[in-house]
>>> print(open('target06.pdb').read())   # PDB, C-alpha atoms
ATOM      1  CA  MET A1108     -47.932  46.942  21.965
ATOM      2  CA  VAL A1109     -48.773  47.442  25.641
ATOM      3  CA  LYS A1110     -48.344  50.482  27.844
ATOM      4  CA  LEU A1111     -48.279  50.132  31.613
ATOM      5  CA  ASP A1112     -48.321  53.414  33.527
ATOM      6  CA  TYR A1113     -45.903  52.230  36.185
ATOM      7  CA  GLU A1114     -45.476  55.709  37.677
ATOM      8  CA  ARG A1115     -49.222  55.965  38.317
ATOM      9  CA  LEU A1116     -49.277  52.469  39.833
ATOM     10  CA  LYS A1117     -46.464  53.399  42.213
ATOM     11  CA  ALA A1118     -48.187  56.668  43.152
ATOM     12  CA  ILE A1119     -51.393  54.807  44.057
ATOM     13  CA  ARG A1120     -49.450  52.407  46.282
ATOM     14  CA  LEU A1121     -47.694  55.274  48.062
ATOM     15  CA  GLU A1122     -50.973  57.176  48.504
ATOM     16  CA  GLN A1123     -52.307  54.141  50.395
ATOM     17  CA  ASP A1124     -49.115  53.929  52.481
ATOM     18  CA  ILE A1125     -48.409  50.355  51.385
ATOM     19  CA  THR A1126     -44.838  49.115  51.065
ATOM     20  CA  GLN A1127     -43.635  47.012  48.171
ATOM     21  CA  LYS A1128     -43.068  44.124  50.575
ATOM     22  CA  GLU A1129     -46.614  44.352  51.932
ATOM     23  CA  LEU A1130     -48.011  44.469  48.405
ATOM     24  CA  ALA A1131     -46.005  41.381  47.445
ATOM     25  CA  GLN A1132     -47.147  39.424  50.509
ATOM     26  CA  SER A1133     -50.798  40.369  49.998
ATOM     27  CA  THR A1134     -51.003  39.702  46.243
ATOM     28  CA  GLY A1135     -48.598  36.814  45.703
ATOM     29  CA  VAL A1136     -46.711  38.867  43.111
ATOM     30  CA  SER A1137     -43.001  38.583  43.886
ATOM     31  CA  LEU A1138     -41.195  41.544  45.413
ATOM     32  CA  SER A1139     -38.639  41.564  42.588
ATOM     33  CA  THR A1140     -41.431  41.735  39.990
ATOM     34  CA  ILE A1141     -43.075  44.669  41.778
ATOM     35  CA  LYS A1142     -39.746  46.507  41.911
ATOM     36  CA  GLN A1143     -39.218  45.928  38.193
ATOM     37  CA  ILE A1144     -42.744  47.081  37.369
ATOM     38  CA  GLU A1145     -42.439  50.298  39.367
ATOM     39  CA  THR A1146     -39.192  51.261  37.640
ATOM     40  CA  GLY A1147     -40.506  50.504  34.165
ATOM     41  CA  ARG A1148     -38.175  47.573  33.608
ATOM     42  CA  SER A1149     -41.010  45.071  33.286
ATOM     43  CA  SER A1150     -44.591  45.296  32.078
ATOM     44  CA  THR A1151     -45.183  41.747  33.495
ATOM     45  CA  ASP A1152     -48.295  39.822  32.478
ATOM     46  CA  LEU A1153     -51.947  40.767  32.718
ATOM     47  CA  GLU A1154     -52.625  38.367  35.606
ATOM     48  CA  ASN A1155     -50.088  40.087  37.873
ATOM     49  CA  ILE A1156     -51.334  43.545  36.909
ATOM     50  CA  GLN A1157     -54.892  42.482  37.748
ATOM     51  CA  LYS A1158     -53.785  41.189  41.170
ATOM     52  CA  LEU A1159     -52.110  44.489  41.982
ATOM     53  CA  CYS A1160     -55.079  46.531  40.768
ATOM     54  CA  THR A1161     -57.566  44.424  42.742
ATOM     55  CA  TYR A1162     -55.617  44.819  45.970
ATOM     56  CA  LEU A1163     -55.065  48.565  45.447
ATOM     57  CA  ASP A1164     -58.737  49.005  44.446
ATOM     58  CA  VAL A1165     -57.900  50.716  41.151
ATOM     59  CA  ASP A1166     -59.531  50.262  37.748
ATOM     60  CA  ILE A1167     -57.051  48.375  35.562
ATOM     61  CA  ASN A1168     -57.967  50.629  32.619
ATOM     62  CA  GLU A1169     -56.476  53.549  34.518
ATOM     63  CA  ILE A1170     -52.951  52.166  34.301
ATOM     64  CA  TYR A1171     -53.004  49.471  31.598
ATOM     65  CA  HIS A1172     -53.460  50.482  27.948
ATOM     66  CA  PRO A1173     -53.343  47.474  25.613
ATOM     67  CA  ASP A1174     -53.804  49.609  22.484
ATOM     68  CA  TYR A1175     -50.831  51.864  23.226
ATOM     69  CA  HIS A1176     -48.442  52.556  20.347
ATOM     70  CA  ASP A1177     -44.793  53.463  20.838
ATOM     71  CA  THR A1178     -45.012  56.561  18.653
ATOM     72  CA  LYS A1179     -41.925  57.507  16.622
ATOM     73  CA  VAL A1180     -41.455  60.972  15.119
ATOM     74  CA  LEU A1181     -39.803  61.273  11.694
ATOM     75  CA  CYS A1182     -39.114  64.529   9.888
ATOM     76  CA  MET A1183     -38.095  65.318   6.320
ATOM     77  CA  LEU A1184     -35.264  67.836   6.164
ATOM     78  CA  ASN A1185     -33.261  69.557   3.460
ATOM     79  CA  ASN A1186     -32.562  73.240   2.906
ATOM     80  CA  LYS A1187     -32.688  72.692  -0.850
ATOM     81  CA  GLY A1188     -36.055  73.355  -2.424
ATOM     82  CA  GLY A1189     -37.321  70.967  -5.091
ATOM     83  CA  CYS A1190     -35.764  67.809  -3.646
ATOM     84  CA  GLY A1191     -39.195  66.312  -2.963
ATOM     85  CA  LYS A1192     -39.607  66.427   0.819
ATOM     86  CA  THR A1193     -43.356  66.840   0.573
ATOM     87  CA  SER A1194     -43.975  64.105  -1.983
ATOM     88  CA  LEU A1195     -41.824  61.706   0.034
ATOM     89  CA  CYS A1196     -43.657  62.564   3.233
ATOM     90  CA  GLY A1197     -47.017  61.889   1.606
ATOM     91  CA  GLY A1198     -45.850  58.720  -0.135
ATOM     92  CA  ILE A1199     -44.282  57.231   2.986
ATOM     93  CA  ALA A1200     -47.278  58.155   5.141
ATOM     94  CA  THR A1201     -49.706  56.537   2.695
ATOM     95  CA  SER A1202     -47.540  53.423   2.381
ATOM     96  CA  MET A1203     -47.411  53.082   6.176
ATOM     97  CA  ALA A1204     -51.173  53.534   6.386
ATOM     98  CA  GLU A1205     -51.668  50.769   3.804
ATOM     99  CA  LEU A1206     -49.831  48.461   6.207
ATOM    100  CA  GLY A1207     -52.402  49.229   8.891
ATOM    101  CA  LEU A1208     -50.239  51.665  10.850
ATOM    102  CA  ARG A1209     -51.795  54.760  12.393
ATOM    103  CA  ILE A1210     -50.157  57.859  10.954
ATOM    104  CA  LEU A1211     -50.215  61.555  11.802
ATOM    105  CA  VAL A1212     -48.710  63.914   9.236
ATOM    106  CA  ILE A1213     -47.793  67.463  10.208
ATOM    107  CA  ASP A1214     -47.328  70.123   7.555
ATOM    108  CA  GLY A1215     -44.501  72.361   8.748
ATOM    109  CA  ASP A1216     -44.206  74.358   5.518
ATOM    110  CA  GLY A1217     -46.255  77.504   4.925
ATOM    111  CA  GLN A1218     -46.582  76.613   1.240
ATOM    112  CA  ARG A1219     -49.172  74.027   2.388
ATOM    113  CA  ASN A1220     -48.267  71.483  -0.293
ATOM    114  CA  LEU A1221     -48.607  68.498   2.053
ATOM    115  CA  SER A1222     -51.973  69.784   3.280
ATOM    116  CA  SER A1223     -53.157  70.187  -0.305
ATOM    117  CA  SER A1224     -51.956  66.717  -1.276
ATOM    118  CA  PHE A1225     -54.405  65.293   1.261
ATOM    119  CA  ASP A1226     -57.139  67.671   0.008
ATOM    120  CA  MET A1227     -57.252  69.656   3.255
ATOM    121  CA  PRO A1228     -58.524  73.265   3.224
ATOM    122  CA  ARG A1229     -57.025  76.132   5.198
ATOM    123  CA  SER A1230     -57.921  76.165   8.876
ATOM    124  CA  GLU A1231     -57.434  78.368  11.913
ATOM    125  CA  LYS A1232     -56.381  75.154  13.661
ATOM    126  CA  ASN A1233     -53.020  74.977  11.910
ATOM    127  CA  PHE A1234     -49.499  74.067  12.978
ATOM    128  CA  GLY A1235     -48.276  77.659  13.028
ATOM    129  CA  ALA A1236     -51.135  78.780  15.267
ATOM    130  CA  ALA A1237     -50.376  75.965  17.717
ATOM    131  CA  VAL A1238     -46.674  76.895  17.832
ATOM    132  CA  LEU A1239     -47.441  80.565  18.447
ATOM    133  CA  ALA A1240     -49.940  79.751  21.205
ATOM    134  CA  GLU A1241     -47.698  76.964  22.563
ATOM    135  CA  GLN A1242     -50.760  74.712  22.776
ATOM    136  CA  ASP A1243     -51.088  70.923  22.944
ATOM    137  CA  LEU A1244     -51.164  69.689  19.339
ATOM    138  CA  ASN A1245     -53.887  67.139  20.143
ATOM    139  CA  GLY A1246     -56.371  69.971  19.669
ATOM    140  CA  TYR A1247     -55.159  70.667  16.127
ATOM    141  CA  ILE A1248     -55.429  67.177  14.645
ATOM    142  CA  GLN A1249     -57.928  66.662  11.825
ATOM    143  CA  PRO A1250     -58.944  63.445  10.067
ATOM    144  CA  THR A1251     -58.270  63.047   6.361
ATOM    145  CA  LYS A1252     -60.443  61.109   3.926
ATOM    146  CA  PHE A1253     -57.671  58.507   3.711
ATOM    147  CA  GLU A1254     -57.769  55.539   6.058
ATOM    148  CA  ASN A1255     -55.359  55.563   9.029
ATOM    149  CA  ILE A1256     -54.063  59.083   8.254
ATOM    150  CA  ASP A1257     -54.713  62.202  10.331
ATOM    151  CA  ILE A1258     -53.150  65.597   9.744
ATOM    152  CA  ILE A1259     -52.197  68.924  11.274
ATOM    153  CA  VAL A1260     -52.364  71.394   8.403
ATOM    154  CA  ALA A1261     -50.136  74.354   7.624
ATOM    155  CA  ASP A1262     -51.126  77.898   6.770
ATOM    156  CA  VAL A1263     -49.581  80.524   4.509
ATOM    157  CA  SER A1264     -49.225  82.811   7.535
ATOM    158  CA  MET A1265     -46.421  80.525   8.755
ATOM    159  CA  GLY A1266     -44.001  82.448   6.551
ATOM    160  CA  THR A1267     -43.394  84.869   9.435
ATOM    161  CA  LEU A1268     -43.325  82.221  12.158
ATOM    162  CA  ASP A1269     -39.555  82.279  12.631
ATOM    163  CA  MET A1270     -39.593  85.973  13.527
ATOM    164  CA  ALA A1271     -42.226  85.342  16.196
ATOM    165  CA  LEU A1272     -40.301  82.375  17.615
ATOM    166  CA  PHE A1273     -37.289  84.551  18.424
ATOM    167  CA  THR A1274     -39.334  86.357  21.087
ATOM    168  CA  LYS A1275     -40.234  83.125  22.892
ATOM    169  CA  ILE A1276     -38.650  81.741  26.035
ATOM    170  CA  SER A1277     -37.063  78.304  25.467
ATOM    171  CA  ARG A1278     -37.750  78.857  21.785
ATOM    172  CA  GLU A1279     -35.791  75.765  20.695
ATOM    173  CA  ASN A1280     -38.127  73.395  22.558
ATOM    174  CA  ILE A1281     -41.614  74.678  21.736
ATOM    175  CA  VAL A1282     -42.528  72.056  19.128
ATOM    176  CA  ARG A1283     -41.104  69.288  21.304
ATOM    177  CA  SER A1284     -43.216  70.503  24.227
ATOM    178  CA  ILE A1285     -46.506  70.782  22.332
ATOM    179  CA  LEU A1286     -45.954  67.499  20.466
ATOM    180  CA  ARG A1287     -45.138  65.521  23.625
ATOM    181  CA  PRO A1288     -48.818  65.024  24.649
ATOM    182  CA  VAL A1289     -49.541  63.503  21.223
ATOM    183  CA  VAL A1290     -46.586  61.129  21.526
ATOM    184  CA  GLU A1291     -47.444  60.171  25.107
ATOM    185  CA  ARG A1292     -51.048  59.498  24.117
ATOM    186  CA  GLY A1293     -49.721  56.506  22.164
ATOM    187  CA  TYR A1294     -52.411  56.541  19.482
ATOM    188  CA  TYR A1295     -50.140  56.783  16.430
ATOM    189  CA  ASP A1296     -47.407  54.456  15.232
ATOM    190  CA  TYR A1297     -45.577  57.215  13.365
ATOM    191  CA  ILE A1298     -45.728  60.983  13.151
ATOM    192  CA  LEU A1299     -44.252  62.356   9.914
ATOM    193  CA  ILE A1300     -43.379  66.049   9.721
ATOM    194  CA  ASP A1301     -42.700  67.960   6.524
ATOM    195  CA  THR A1302     -40.423  70.998   6.826
ATOM    196  CA  ASN A1303     -39.770  74.162   4.862
ATOM    197  CA  PRO A1304     -36.623  74.417   2.682
ATOM    198  CA  ASN A1305     -34.536  76.295   5.245
ATOM    199  CA  LEU A1306     -32.346  75.539   8.222
ATOM    200  CA  SER A1307     -34.579  77.784  10.283
ATOM    201  CA  LEU A1308     -35.531  78.060  13.934
ATOM    202  CA  LEU A1309     -38.829  76.342  13.186
ATOM    203  CA  ASN A1310     -36.984  73.459  11.564
ATOM    204  CA  PHE A1311     -34.582  73.368  14.525
ATOM    205  CA  ASN A1312     -37.690  72.898  16.682
ATOM    206  CA  ILE A1313     -39.057  70.159  14.446
ATOM    207  CA  VAL A1314     -35.792  68.210  14.353
ATOM    208  CA  ASN A1315     -35.448  68.656  18.120
ATOM    209  CA  ALA A1316     -38.878  67.029  18.513
ATOM    210  CA  SER A1317     -38.009  64.073  16.252
ATOM    211  CA  ASN A1318     -36.547  60.627  16.767
ATOM    212  CA  TYR A1319     -35.240  60.335  13.205
ATOM    213  CA  VAL A1320     -34.351  62.705  10.374
ATOM    214  CA  LEU A1321     -34.870  61.584   6.770
ATOM    215  CA  ILE A1322     -32.941  63.602   4.184
ATOM    216  CA  PRO A1323     -34.174  63.614   0.570
ATOM    217  CA  ALA A1324     -31.485  64.225  -2.046
ATOM    218  CA  GLN A1325     -31.883  64.688  -5.767
ATOM    219  CA  PRO A1326     -28.850  63.325  -7.652
ATOM    220  CA  ALA A1327     -27.663  66.653  -9.058
ATOM    221  CA  SER A1328     -24.606  68.779  -8.312
ATOM    222  CA  PHE A1329     -26.296  71.647  -6.471
ATOM    223  CA  ASP A1330     -28.218  69.235  -4.249
ATOM    224  CA  LEU A1331     -25.078  67.361  -3.204
ATOM    225  CA  ASP A1332     -23.314  70.550  -2.123
ATOM    226  CA  GLY A1333     -25.754  71.151   0.725
ATOM    227  CA  LEU A1334     -25.889  67.675   2.281
ATOM    228  CA  ALA A1335     -22.895  68.242   4.569
ATOM    229  CA  VAL A1336     -24.513  71.442   5.856
ATOM    230  CA  VAL A1337     -27.762  69.610   6.618
ATOM    231  CA  LEU A1338     -25.904  66.892   8.518
ATOM    232  CA  GLN A1339     -23.984  69.529  10.496
ATOM    233  CA  PHE A1340     -27.304  71.193  11.351
ATOM    234  CA  VAL A1341     -28.623  67.896  12.722
ATOM    235  CA  ASP A1342     -25.418  67.314  14.705
ATOM    236  CA  GLY A1343     -25.861  70.745  16.287
ATOM    237  CA  ILE A1344     -29.277  69.705  17.594
ATOM    238  CA  LYS A1345     -28.118  66.441  19.184
ATOM    239  CA  PRO A1346     -27.019  68.144  22.457
ATOM    240  CA  TYR A1347     -30.681  69.197  22.861
ATOM    241  CA  ASN A1348     -31.989  65.803  21.743
ATOM    242  CA  PRO A1349     -29.371  63.097  22.514
ATOM    243  CA  THR A1350     -31.495  60.251  21.087
ATOM    244  CA  LEU A1351     -31.834  61.957  17.685
ATOM    245  CA  GLN A1352     -30.646  59.871  14.737
ATOM    246  CA  VAL A1353     -30.263  60.381  11.020
ATOM    247  CA  GLY A1354     -32.556  57.719   9.596
ATOM    248  CA  GLY A1355     -30.905  57.976   6.225
ATOM    249  CA  ILE A1356     -30.575  59.783   2.897
ATOM    250  CA  ILE A1357     -33.247  59.062   0.291
ATOM    251  CA  ILE A1358     -32.413  59.366  -3.405
ATOM    252  CA  ASN A1359     -35.449  61.115  -4.832
ATOM    253  CA  ARG A1360     -36.436  62.345  -8.287
ATOM    254  CA  TYR A1361     -33.875  60.098  -9.984
ATOM    255  CA  ASP A1362     -34.003  60.944 -13.689
ATOM    256  CA  ALA A1363     -32.639  58.187 -15.912
ATOM    257  CA  ARG A1364     -33.038  60.405 -18.999
ATOM    258  CA  ASN A1365     -30.041  62.443 -17.862
ATOM    259  CA  ARG A1366     -27.960  59.407 -17.028
ATOM    260  CA  LEU A1367     -24.497  60.999 -17.344
ATOM    261  CA  ILE A1368     -25.079  63.628 -14.653
ATOM    262  CA  THR A1369     -27.327  61.412 -12.563
ATOM    263  CA  GLU A1370     -24.862  58.538 -12.340
ATOM    264  CA  ALA A1371     -21.948  60.890 -11.623
ATOM    265  CA  ALA A1372     -23.946  62.341  -8.745
ATOM    266  CA  MET A1373     -24.845  58.865  -7.523
ATOM    267  CA  ASP A1374     -21.163  57.908  -7.482
ATOM    268  CA  GLN A1375     -20.405  60.934  -5.305
ATOM    269  CA  LEU A1376     -23.238  60.070  -2.940
ATOM    270  CA  ARG A1377     -22.076  56.477  -2.574
ATOM    271  CA  GLU A1378     -18.500  57.602  -1.966
ATOM    272  CA  SER A1379     -19.410  60.143   0.716
ATOM    273  CA  TYR A1380     -22.577  58.772   2.334
ATOM    274  CA  SER A1381     -22.822  55.060   1.539
ATOM    275  CA  ALA A1382     -23.718  54.099   5.133
ATOM    276  CA  LEU A1383     -26.653  56.521   5.161
ATOM    277  CA  LEU A1384     -28.151  55.796   1.742
ATOM    278  CA  PHE A1385     -31.375  53.845   1.441
ATOM    279  CA  GLU A1386     -31.217  51.147  -1.217
ATOM    280  CA  GLN A1387     -34.560  52.047  -2.759
ATOM    281  CA  ILE A1388     -34.506  55.115  -4.997
ATOM    282  CA  ILE A1389     -37.551  57.090  -6.117
ATOM    283  CA  ARG A1390     -37.579  57.866  -9.829
ATOM    284  CA  VAL A1391     -39.241  60.699 -11.685
ATOM    285  CA  ASP A1392     -42.821  59.769 -12.584
ATOM    286  CA  SER A1393     -45.410  62.031 -14.210
ATOM    287  CA  ARG A1394     -48.195  60.356 -12.250
ATOM    288  CA  LEU A1395     -46.940  62.060  -9.115
ATOM    289  CA  GLN A1396     -47.657  65.478 -10.629
ATOM    290  CA  ASN A1397     -51.038  64.234 -11.864
ATOM    291  CA  ALA A1398     -51.928  63.062  -8.340
ATOM    292  CA  GLN A1399     -50.851  66.382  -6.842
ATOM    293  CA  TRP A1400     -53.040  68.217  -9.345
ATOM    294  CA  GLU A1401     -56.008  66.217  -8.074
ATOM    295  CA  ASN A1402     -55.017  66.718  -4.393
ATOM    296  CA  ARG A1403     -54.561  63.003  -3.838
ATOM    297  CA  PRO A1404     -51.647  60.882  -2.609
ATOM    298  CA  VAL A1405     -50.105  59.084  -5.568
ATOM    299  CA  LEU A1406     -50.759  55.675  -3.965
ATOM    300  CA  ASP A1407     -54.453  56.549  -3.987
ATOM    301  CA  TYR A1408     -54.325  57.984  -7.511
ATOM    302  CA  ALA A1409     -52.194  55.241  -9.116
ATOM    303  CA  GLY A1410     -51.631  52.441  -6.649
ATOM    304  CA  SER A1411     -50.066  50.056  -9.155
ATOM    305  CA  ALA A1412     -47.740  52.638 -10.722
ATOM    306  CA  ARG A1413     -43.982  52.206 -10.535
ATOM    307  CA  ILE A1414     -43.554  55.149  -8.168
ATOM    308  CA  SER A1415     -46.155  53.718  -5.785
ATOM    309  CA  LYS A1416     -44.261  50.438  -5.683
ATOM    310  CA  GLU A1417     -41.043  52.352  -5.011
ATOM    311  CA  TYR A1418     -42.652  54.212  -2.105
ATOM    312  CA  ARG A1419     -43.809  50.909  -0.621
ATOM    313  CA  ALA A1420     -40.341  49.376  -0.892
ATOM    314  CA  LEU A1421     -38.725  52.486   0.620
ATOM    315  CA  THR A1422     -41.208  52.453   3.475
ATOM    316  CA  LYS A1423     -40.301  48.873   4.360
ATOM    317  CA  GLU A1424     -36.658  49.969   4.633
ATOM    318  CA  ILE A1425     -37.630  52.908   6.823
ATOM    319  CA  LEU A1426     -39.641  50.664   9.146
ATOM    320  CA  LYS A1427     -36.569  48.470   9.626
ATOM    321  CA  ARG A1428     -34.306  51.414  10.431
ATOM    322  CA  CYS A1429     -36.605  53.711  12.381
ATOM    323  CA  VAL A1430     -37.881  51.592  15.272
TER     324      VAL A1430
END
>>> encode(input="target06.pdb", output="structure tokens")
Amino acid sequence: MVKLDYERLKAIRLEQDITQKELAQSTGVSLSTIKQIETGRSSTDLENIQKLCTYLDVDINEIYHPDYHDTKVLCMLNNKGGCGKTSLCGGIATSMAELGLRILVIDGDGQRNLSSSFDMPRSEKNFGAAVLAEQDLNGYIQPTKFENIDIIVADVSMGTLDMALFTKISRENIVRSILRPVVERGYYDYILIDTNPNLSLLNFNIVNASNYVLIPAQPASFDLDGLAVVLQFVDGIKPYNPTLQVGGIIINRYDARNRLITEAAMDQLRESYSALLFEQIIRVDSRLQNAQWENRPVLDYAGSARISKEYRALTKEILKRCV
């Protein structure tokens, strides 16, 4: 993917007091092409960009970034604990990384389970500290030992973060503001954010900073009761983030041993949310717990296991929906 900083190109032309018509006549690049470039409607080809840069005496690397990635932000959300947000986040991130995509995971839950699953220790450079200081998240990114995956860790001190957020000006937009420089940098293909099991102000911030919301649901009666509330919560954030979409509902921790209850719950889900359901379900697998015990993603611990294959299939669905 290519990124052309058309605003910077236009600013350089205006600084030199050159009109679009003069630039077209001097470079041989058509006036209509220049107009399209400067409004972001066309990235044109490299030859035309080079002509413009040569005439304006600007280094092409200043405005043309061939390794730019159109970063998408996905968050896991459910106010029901135990539905597997963290395991899904880690499994999807690892599956994406296997495909060669650059991934940043952000642990938004003070329990630190996502951080631990990537074997990351506690750090002063954690997500909660960045939110409190309202600082660019680029300075809080750490590499993991797993290829193509970086992380911003959580800290147990984040349990009181919501109380501190209430004192902030524009408190609903803090995460969006501090995440924007990471998105605009264009280094990552996807940013995946794990959340805490609440419909809290911090989670409002995280959803407000996201392009897509993924909702894990365990096929059990108590889990189904809260789905409508979660969807209403997301709808309430759309006025702040008009491009926000629900990526879908993921059936997680499907337990075939309790088939009567499980299938009854699945029937309810299909009846109420069929358009949102992902086809691939994630079944209960003991190897997930074993991997978590060893602080490893399950795809690294047991790459050929059934659950690893399910994560890979789910990820392919997500990549088709969340683009």
>>> closest_residue(input="target06.pdb", among="A:Val1430, A:Ile1256, A:Ala1371, A:Leu1116", to="Glu1205 (chain A)", atoms="all atoms listed in the file")
A:Ile1256
>>> closest_residue(input="target06.pdb", among="A:Ile1213, A:Ala1261, A:Ile1141, A:Ala1204", to="Glu1129 (chain A)", atoms="only C-alpha atoms")
A:Ile1141
>>> closest_residue(input="target06.pdb", among="A:Leu1163, A:Leu1306, A:Leu1153, A:Ile1248", to="Ala1131 (chain A)", atoms="only C-alpha atoms")
A:Leu1163
>>> atom_distance(input="target06.pdb", atom1="CA of Cys1429 (chain A)", atom2="CA of Ser1202 (chain A)")
14.8 Å
>>> closest_atom_pairs(input="target06.pdb", of="region 1328-1419 of chain A", to="region 1191-1197 of chain A", cutoff="9 Å", atoms="all atoms listed in the file", output="tab-separated table")
residue	atom	partner	partner_atom	distance
A:Ile1357	CA	A:Leu1195	CA	9.0
A:Asn1359	CA	A:Gly1191	CA	6.7
A:Arg1360	CA	A:Gly1191	CA	7.2
A:Ile1389	CA	A:Leu1195	CA	8.8
A:Leu1395	CA	A:Ser1194	CA	8.0
A:Gln1399	CA	A:Ser1194	CA	8.7
A:Pro1404	CA	A:Gly1197	CA	6.3
A:Val1405	CA	A:Gly1197	CA	8.3
A:Tyr1418	CA	A:Leu1195	CA	7.8
>>> residues_around(input="target06.pdb", residues="Leu1184 (chain A)", least_positions_apart="2", cutoff="10 Å", atoms="only C-alpha atoms", output="ChimeraX atom specification")
/A:1181-1182,1186-1187,1190,1192-1193,1300-1306,1310,1313-1314,1320-1324,1337-1338,1341,1356
>>> residues_around(input="target06.pdb", residues="Ile1344 (chain A)", least_positions_apart="2", cutoff="12 Å", atoms="all atoms listed in the file", output="list in words")
Glu1279, Asn1280, Leu1306, Leu1308, Asn1310, Phe1311, Asn1312, Ile1313, Val1314, Asn1315, Ala1316, Ser1317, Asn1318, Tyr1319, Val1320, Val1337, Leu1338, Gln1339, Phe1340, Val1341, Asp1342, Pro1346, Tyr1347, Asn1348, Pro1349, Thr1350, Leu1351, Gln1352 and Val1353 of chain A
>>> atom_distance(input="target06.pdb", atom1="CA of Arg1419 (chain A)", atom2="CA of Ile1199 (chain A)")
7.3 Å
>>> resolve_selection(input="target06.pdb", expression="the PyMOL selection byres ((chain A and resi 1162) around 12)", output="PyMOL selection string")
chain A and resi 1116+1119-1120+1123+1125+1129-1136+1155-1161+1163-1167
>>> closest_residue(input="target06.pdb", among="A:Ser1393, A:Gln1218, A:Thr1422, A:Thr1251", to="Leu1206 (chain A)", atoms="all atoms listed in the file")
A:Thr1422
>>> closest_residue(input="target06.pdb", among="A:Ile1298, A:Leu1111, A:Val1212, A:Met1227", to="Glu1401 (chain A)", atoms="only C-alpha atoms")
A:Met1227
>>> atom_distance(input="target06.pdb", atom1="CA of Ile1258 (chain A)", atom2="CA of Asp1214 (chain A)")
7.7 Å
>>> closest_residue(input="target06.pdb", among="A:Ala1200, A:Lys1423, A:Gly1189, A:Asp1243", to="Ala1327 (chain A)", atoms="only C-alpha atoms")
A:Gly1189
>>> resolve_selection(input="target06.pdb", expression="the PyMOL selection byres ((chain A and resi 1293) around 7)", output="ChimeraX atom specification")
/A:1175-1178,1290-1292,1294-1295
>>> resolve_selection(input="target06.pdb", expression="the PyMOL selection byres ((chain A and resi 1260) around 10)", output="PyMOL selection string")
chain A and resi 1212-1217+1219-1223+1225+1227-1235+1247-1249+1257-1259+1261-1262
>>> write_last_selection(input="target06.pdb", atoms="C-alpha atoms", output="PDB file, keeping the file's coordinate frame")
ATOM      1  CA  VAL A1212     -48.710  63.914   9.236  1.00  0.00           C
ATOM      2  CA  ILE A1213     -47.793  67.463  10.208  1.00  0.00           C
ATOM      3  CA  ASP A1214     -47.328  70.123   7.555  1.00  0.00           C
ATOM      4  CA  GLY A1215     -44.501  72.361   8.748  1.00  0.00           C
ATOM      5  CA  ASP A1216     -44.206  74.358   5.518  1.00  0.00           C
ATOM      6  CA  GLY A1217     -46.255  77.504   4.925  1.00  0.00           C
ATOM      7  CA  ARG A1219     -49.172  74.027   2.388  1.00  0.00           C
ATOM      8  CA  ASN A1220     -48.267  71.483  -0.293  1.00  0.00           C
ATOM      9  CA  LEU A1221     -48.607  68.498   2.053  1.00  0.00           C
ATOM     10  CA  SER A1222     -51.973  69.784   3.280  1.00  0.00           C
ATOM     11  CA  SER A1223     -53.157  70.187  -0.305  1.00  0.00           C
ATOM     12  CA  PHE A1225     -54.405  65.293   1.261  1.00  0.00           C
ATOM     13  CA  MET A1227     -57.252  69.656   3.255  1.00  0.00           C
ATOM     14  CA  PRO A1228     -58.524  73.265   3.224  1.00  0.00           C
ATOM     15  CA  ARG A1229     -57.025  76.132   5.198  1.00  0.00           C
ATOM     16  CA  SER A1230     -57.921  76.165   8.876  1.00  0.00           C
ATOM     17  CA  GLU A1231     -57.434  78.368  11.913  1.00  0.00           C
ATOM     18  CA  LYS A1232     -56.381  75.154  13.661  1.00  0.00           C
ATOM     19  CA  ASN A1233     -53.020  74.977  11.910  1.00  0.00           C
ATOM     20  CA  PHE A1234     -49.499  74.067  12.978  1.00  0.00           C
ATOM     21  CA  GLY A1235     -48.276  77.659  13.028  1.00  0.00           C
ATOM     22  CA  TYR A1247     -55.159  70.667  16.127  1.00  0.00           C
ATOM     23  CA  ILE A1248     -55.429  67.177  14.645  1.00  0.00           C
ATOM     24  CA  GLN A1249     -57.928  66.662  11.825  1.00  0.00           C
ATOM     25  CA  ASP A1257     -54.713  62.202  10.331  1.00  0.00           C
ATOM     26  CA  ILE A1258     -53.150  65.597   9.744  1.00  0.00           C
ATOM     27  CA  ILE A1259     -52.197  68.924  11.274  1.00  0.00           C
ATOM     28  CA  ALA A1261     -50.136  74.354   7.624  1.00  0.00           C
ATOM     29  CA  ASP A1262     -51.126  77.898   6.770  1.00  0.00           C
TER      30      ASP A1262
END
>>> residues_around(input="target06.pdb", residues="Ser1381 (chain A)", least_positions_apart="6", cutoff="10 Å", atoms="only C-alpha atoms", output="PDB file with C-alpha atoms, in the coordinates of the input")
ATOM      1  CA  GLY A1355     -30.905  57.976   6.225  1.00  0.00           C
ATOM      2  CA  ILE A1356     -30.575  59.783   2.897  1.00  0.00           C
ATOM      3  CA  ASP A1374     -21.163  57.908  -7.482  1.00  0.00           C
ATOM      4  CA  GLN A1375     -20.405  60.934  -5.305  1.00  0.00           C
TER       5      GLN A1375
END
>>> residues_near_point(input="target06.pdb", point="(-46.8, 51.7, 10.2)", cutoff="6 Å", atoms="all atoms listed in the file", output="list of chain:residue names")
A:Met1203, A:Leu1206, A:Leu1208, A:Asp1296
>>> axis_aligned_box(input="target06.pdb", around="region 1207-1224 of chain A", padding_each_side="6 Å", output="AutoDock Vina command-line options")
--center_x -48.7 --center_y 63.4 --center_z 5.6 --size_x 21.0 --size_y 40.3 --size_z 25.7
